[in-house]
Amino acid sequence: MYVIGFAVPFLVLTFFLGSTRWIVRYSDKIMKVGGIVMILMGVLLFTGQMPRISAFLLKLVQDTWLTKLG
């Protein structure tokens, strides 16, 4: 299931890439934002702050329909 969930967005994107010209137009900005997010997540993992972020996100969705997802 993990591999399917990881691969499906890429497969869908390859089928619709021709019709989504905005992705191509803004691909440089999308890649820069993605790189910044990856660096930020790496720093959070390295410093051990991910449990704090996870606890914060859990508090945000507590008592909502999202808690029933798992």
# chains A, B, ... in the order shown; residues from 1 in each chain; ligands from 1
>>> closest_atom_pairs(of="segment 35-64 of chain A", to="segment 6-30 of chain A", cutoff="12 Å", atoms="only C-alpha atoms", output="CSV")
residue,atom,partner,partner_atom,distance
A:Gly35,CA,A:Ile30,CA,8.5
A:Ile36,CA,A:Ile30,CA,10.0
A:Val37,CA,A:Ile30,CA,10.6
>>> write_last_selection(atoms="N, CA and C atoms", output="mmCIF file, in the first residue's frame")
data_model
loop_
_atom_site.group_PDB
_atom_site.id
_atom_site.type_symbol
_atom_site.label_atom_id
_atom_site.label_comp_id
_atom_site.auth_asym_id
_atom_site.auth_seq_id
_atom_site.Cartn_x
_atom_site.Cartn_y
_atom_site.Cartn_z
ATOM 1 N N GLY A 35 12.385 21.812 -2.345
ATOM 2 C CA GLY A 35 13.725 21.698 -1.769
ATOM 3 C C GLY A 35 13.806 22.310 -0.386
ATOM 4 N N ILE A 36 13.174 23.460 -0.217
ATOM 5 C CA ILE A 36 13.174 24.118 1.091
ATOM 6 C C ILE A 36 12.444 23.256 2.119
ATOM 7 N N VAL A 37 11.317 22.660 1.715
ATOM 8 C CA VAL A 37 10.568 21.791 2.630
ATOM 9 C C VAL A 37 11.408 20.570 3.011
#
>>> select_by_dssp(residues="chain A", states="alpha helix (DSSP H)", output="ChimeraX atom specification")
/A:2-16,21-25,27-47,50-61
>>> write_last_selection(atoms="N, CA and C atoms", output="short mmCIF file (atom, residue, chain, number, x, y, z; two decimals), in the first residue's frame")
data_model
loop_
_atom_site.label_atom_id
_atom_site.label_comp_id
_atom_site.auth_asym_id
_atom_site.auth_seq_id
_atom_site.Cartn_x
_atom_site.Cartn_y
_atom_site.Cartn_z
N TYR A 2 1.99 1.20 0.71
CA TYR A 2 2.87 2.37 0.74
C TYR A 2 3.39 2.69 -0.65
N VAL A 3 3.84 1.66 -1.36
CA VAL A 3 4.40 1.87 -2.70
C VAL A 3 3.32 2.35 -3.66
N ILE A 4 2.13 1.80 -3.54
CA ILE A 4 1.03 2.25 -4.41
C ILE A 4 0.70 3.71 -4.12
N GLY A 5 0.62 4.08 -2.86
CA GLY A 5 0.33 5.46 -2.50
C GLY A 5 1.44 6.41 -2.91
N PHE A 6 2.65 5.91 -2.97
CA PHE A 6 3.77 6.74 -3.38
C PHE A 6 3.82 6.89 -4.90
N ALA A 7 3.47 5.84 -5.63
CA ALA A 7 3.62 5.83 -7.09
C ALA A 7 2.43 6.42 -7.82
N VAL A 8 1.22 6.30 -7.29
CA VAL A 8 0.03 6.74 -8.00
C VAL A 8 0.07 8.22 -8.36
N PRO A 9 0.46 9.13 -7.48
CA PRO A 9 0.51 10.54 -7.91
C PRO A 9 1.45 10.77 -9.08
N PHE A 10 2.56 10.08 -9.12
CA PHE A 10 3.49 10.24 -10.24
C PHE A 10 2.91 9.69 -11.53
N LEU A 11 2.23 8.56 -11.45
CA LEU A 11 1.60 8.00 -12.64
C LEU A 11 0.49 8.89 -13.17
N VAL A 12 -0.32 9.43 -12.27
CA VAL A 12 -1.39 10.33 -12.69
C VAL A 12 -0.80 11.59 -13.32
N LEU A 13 0.27 12.09 -12.75
CA LEU A 13 0.90 13.29 -13.29
C LEU A 13 1.45 13.05 -14.68
N THR A 14 2.01 11.88 -14.95
CA THR A 14 2.54 11.61 -16.28
C THR A 14 1.44 11.55 -17.32
N PHE A 15 0.26 11.08 -16.97
CA PHE A 15 -0.83 11.02 -17.94
C PHE A 15 -1.41 12.39 -18.23
N PHE A 16 -1.39 13.28 -17.27
CA PHE A 16 -2.01 14.59 -17.45
C PHE A 16 -1.01 15.73 -17.56
N ARG A 21 -0.17 22.66 -18.06
CA ARG A 21 0.96 23.52 -18.44
C ARG A 21 1.40 24.43 -17.30
N TRP A 22 0.52 24.65 -16.34
CA TRP A 22 0.89 25.53 -15.23
C TRP A 22 1.99 24.89 -14.39
N ILE A 23 2.01 23.56 -14.35
CA ILE A 23 3.08 22.88 -13.61
C ILE A 23 4.42 23.15 -14.29
N VAL A 24 4.42 23.06 -15.61
CA VAL A 24 5.65 23.32 -16.35
C VAL A 24 6.05 24.79 -16.21
N ARG A 25 5.08 25.67 -16.23
CA ARG A 25 5.35 27.10 -16.14
C ARG A 25 5.95 27.46 -14.77
N SER A 27 7.38 25.23 -12.63
CA SER A 27 8.17 24.12 -12.12
C SER A 27 9.41 24.57 -11.35
N ASP A 28 10.02 25.68 -11.76
CA ASP A 28 11.20 26.15 -11.02
C ASP A 28 10.83 26.57 -9.60
N LYS A 29 9.71 27.24 -9.45
CA LYS A 29 9.26 27.66 -8.12
C LYS A 29 8.82 26.46 -7.28
N ILE A 30 8.12 25.51 -7.92
CA ILE A 30 7.67 24.31 -7.21
C ILE A 30 8.88 23.52 -6.70
N MET A 31 9.92 23.41 -7.54
CA MET A 31 11.11 22.66 -7.13
C MET A 31 11.84 23.38 -5.99
N LYS A 32 11.89 24.70 -6.02
CA LYS A 32 12.55 25.44 -4.95
C LYS A 32 11.80 25.29 -3.63
N VAL A 33 10.48 25.38 -3.68
CA VAL A 33 9.68 25.21 -2.46
C VAL A 33 9.83 23.78 -1.93
N GLY A 34 9.81 22.81 -2.84
CA GLY A 34 9.99 21.42 -2.42
C GLY A 34 11.36 21.19 -1.79
N GLY A 35 12.39 21.81 -2.34
CA GLY A 35 13.72 21.70 -1.77
C GLY A 35 13.81 22.31 -0.39
N ILE A 36 13.17 23.46 -0.22
CA ILE A 36 13.17 24.12 1.09
C ILE A 36 12.44 23.26 2.12
N VAL A 37 11.32 22.66 1.71
CA VAL A 37 10.57 21.79 2.63
C VAL A 37 11.41 20.57 3.01
N MET A 38 12.12 20.00 2.04
CA MET A 38 12.97 18.84 2.33
C MET A 38 14.10 19.21 3.28
N ILE A 39 14.73 20.36 3.08
CA ILE A 39 15.80 20.80 3.98
C ILE A 39 15.25 21.04 5.38
N LEU A 40 14.09 21.68 5.46
CA LEU A 40 13.46 21.95 6.76
C LEU A 40 13.13 20.65 7.48
N MET A 41 12.59 19.68 6.77
CA MET A 41 12.27 18.40 7.40
C MET A 41 13.54 17.69 7.85
N GLY A 42 14.62 17.79 7.07
CA GLY A 42 15.88 17.19 7.47
C GLY A 42 16.43 17.81 8.74
N VAL A 43 16.34 19.13 8.84
CA VAL A 43 16.81 19.81 10.05
C VAL A 43 15.97 19.41 11.25
N LEU A 44 14.65 19.31 11.06
CA LEU A 44 13.76 18.90 12.15
C LEU A 44 14.08 17.47 12.60
N LEU A 45 14.33 16.59 11.64
CA LEU A 45 14.69 15.22 12.00
C LEU A 45 16.03 15.17 12.72
N PHE A 46 17.00 15.92 12.24
CA PHE A 46 18.33 15.91 12.82
C PHE A 46 18.33 16.45 14.25
N THR A 47 17.53 17.48 14.50
CA THR A 47 17.51 18.10 15.82
C THR A 47 16.53 17.40 16.78
N MET A 50 10.84 16.50 15.46
CA MET A 50 9.67 15.93 14.79
C MET A 50 8.58 15.48 15.77
N PRO A 51 8.92 14.91 16.94
CA PRO A 51 7.84 14.57 17.87
C PRO A 51 7.02 15.80 18.31
N ARG A 52 7.68 16.94 18.46
CA ARG A 52 6.94 18.16 18.83
C ARG A 52 6.00 18.58 17.72
N ILE A 53 6.47 18.51 16.47
CA ILE A 53 5.64 18.87 15.34
C ILE A 53 4.47 17.88 15.22
N SER A 54 4.75 16.60 15.41
CA SER A 54 3.69 15.58 15.34
C SER A 54 2.65 15.80 16.43
N ALA A 55 3.09 16.13 17.63
CA ALA A 55 2.15 16.38 18.73
C ALA A 55 1.30 17.61 18.43
N PHE A 56 1.92 18.65 17.86
CA PHE A 56 1.18 19.85 17.51
C PHE A 56 0.12 19.55 16.46
N LEU A 57 0.50 18.79 15.42
CA LEU A 57 -0.46 18.44 14.37
C LEU A 57 -1.57 17.55 14.91
N LEU A 58 -1.23 16.67 15.83
CA LEU A 58 -2.24 15.81 16.44
C LEU A 58 -3.25 16.63 17.22
N LYS A 59 -2.79 17.67 17.92
CA LYS A 59 -3.71 18.54 18.65
C LYS A 59 -4.63 19.30 17.70
N LEU A 60 -4.12 19.63 16.51
CA LEU A 60 -4.95 20.36 15.55
C LEU A 60 -6.12 19.51 15.05
N VAL A 61 -5.91 18.23 14.87
CA VAL A 61 -6.95 17.38 14.30
C VAL A 61 -7.73 16.61 15.36
#
>>> decode(residues="chain A", atoms="C-alpha atoms", output="compact mmCIF listing (two decimals), in the first residue's frame")
# COMPACT_ATOMS: atom_id res chain seq x y z
CA MET A 1 0.00 0.00 0.00
CA TYR A 2 2.87 2.37 0.74
CA VAL A 3 4.40 1.87 -2.70
CA ILE A 4 1.03 2.25 -4.41
CA GLY A 5 0.33 5.46 -2.50
CA PHE A 6 3.77 6.74 -3.38
CA ALA A 7 3.62 5.83 -7.09
CA VAL A 8 0.03 6.74 -8.00
CA PRO A 9 0.51 10.54 -7.91
CA PHE A 10 3.49 10.24 -10.24
CA LEU A 11 1.60 8.00 -12.64
CA VAL A 12 -1.39 10.33 -12.69
CA LEU A 13 0.90 13.29 -13.29
CA THR A 14 2.54 11.61 -16.28
CA PHE A 15 -0.83 11.02 -17.94
CA PHE A 16 -2.01 14.59 -17.45
CA LEU A 17 1.28 16.46 -17.83
CA GLY A 18 0.37 17.78 -21.27
CA SER A 19 -2.82 19.38 -20.02
CA THR A 20 -1.27 20.88 -16.90
CA ARG A 21 0.96 23.52 -18.44
CA TRP A 22 0.89 25.53 -15.23
CA ILE A 23 3.08 22.88 -13.61
CA VAL A 24 5.65 23.32 -16.35
CA ARG A 25 5.35 27.10 -16.14
CA TYR A 26 5.92 27.17 -12.38
CA SER A 27 8.17 24.12 -12.12
CA ASP A 28 11.20 26.15 -11.02
CA LYS A 29 9.26 27.66 -8.12
CA ILE A 30 7.67 24.31 -7.21
CA MET A 31 11.11 22.66 -7.13
CA LYS A 32 12.55 25.44 -4.95
CA VAL A 33 9.68 25.21 -2.46
CA GLY A 34 9.99 21.42 -2.42
CA GLY A 35 13.72 21.70 -1.77
CA ILE A 36 13.17 24.12 1.09
CA VAL A 37 10.57 21.79 2.63
CA MET A 38 12.97 18.84 2.33
CA ILE A 39 15.80 20.80 3.98
CA LEU A 40 13.46 21.95 6.76
CA MET A 41 12.27 18.40 7.40
CA GLY A 42 15.88 17.19 7.47
CA VAL A 43 16.81 19.81 10.05
CA LEU A 44 13.76 18.90 12.15
CA LEU A 45 14.69 15.22 12.00
CA PHE A 46 18.33 15.91 12.82
CA THR A 47 17.51 18.10 15.82
CA GLY A 48 14.85 15.71 17.13
CA GLN A 49 11.97 18.17 16.82
CA MET A 50 9.67 15.93 14.79
CA PRO A 51 7.84 14.57 17.87
CA ARG A 52 6.94 18.16 18.83
CA ILE A 53 5.64 18.87 15.34
CA SER A 54 3.69 15.58 15.34
CA ALA A 55 2.15 16.38 18.73
CA PHE A 56 1.18 19.85 17.51
CA LEU A 57 -0.46 18.44 14.37
CA LEU A 58 -2.24 15.81 16.44
CA LYS A 59 -3.71 18.54 18.65
CA LEU A 60 -4.95 20.36 15.55
CA VAL A 61 -6.95 17.38 14.30
CA GLN A 62 -8.06 16.10 17.69
CA ASP A 63 -11.85 15.78 17.98
CA THR A 64 -12.35 16.09 14.21
CA TRP A 65 -13.26 13.53 11.57
CA LEU A 66 -9.56 13.15 10.78
CA THR A 67 -8.94 11.22 14.02
CA LYS A 68 -11.10 8.38 12.66
CA LEU A 69 -8.64 7.78 9.80
CA GLY A 70 -6.18 5.91 11.94
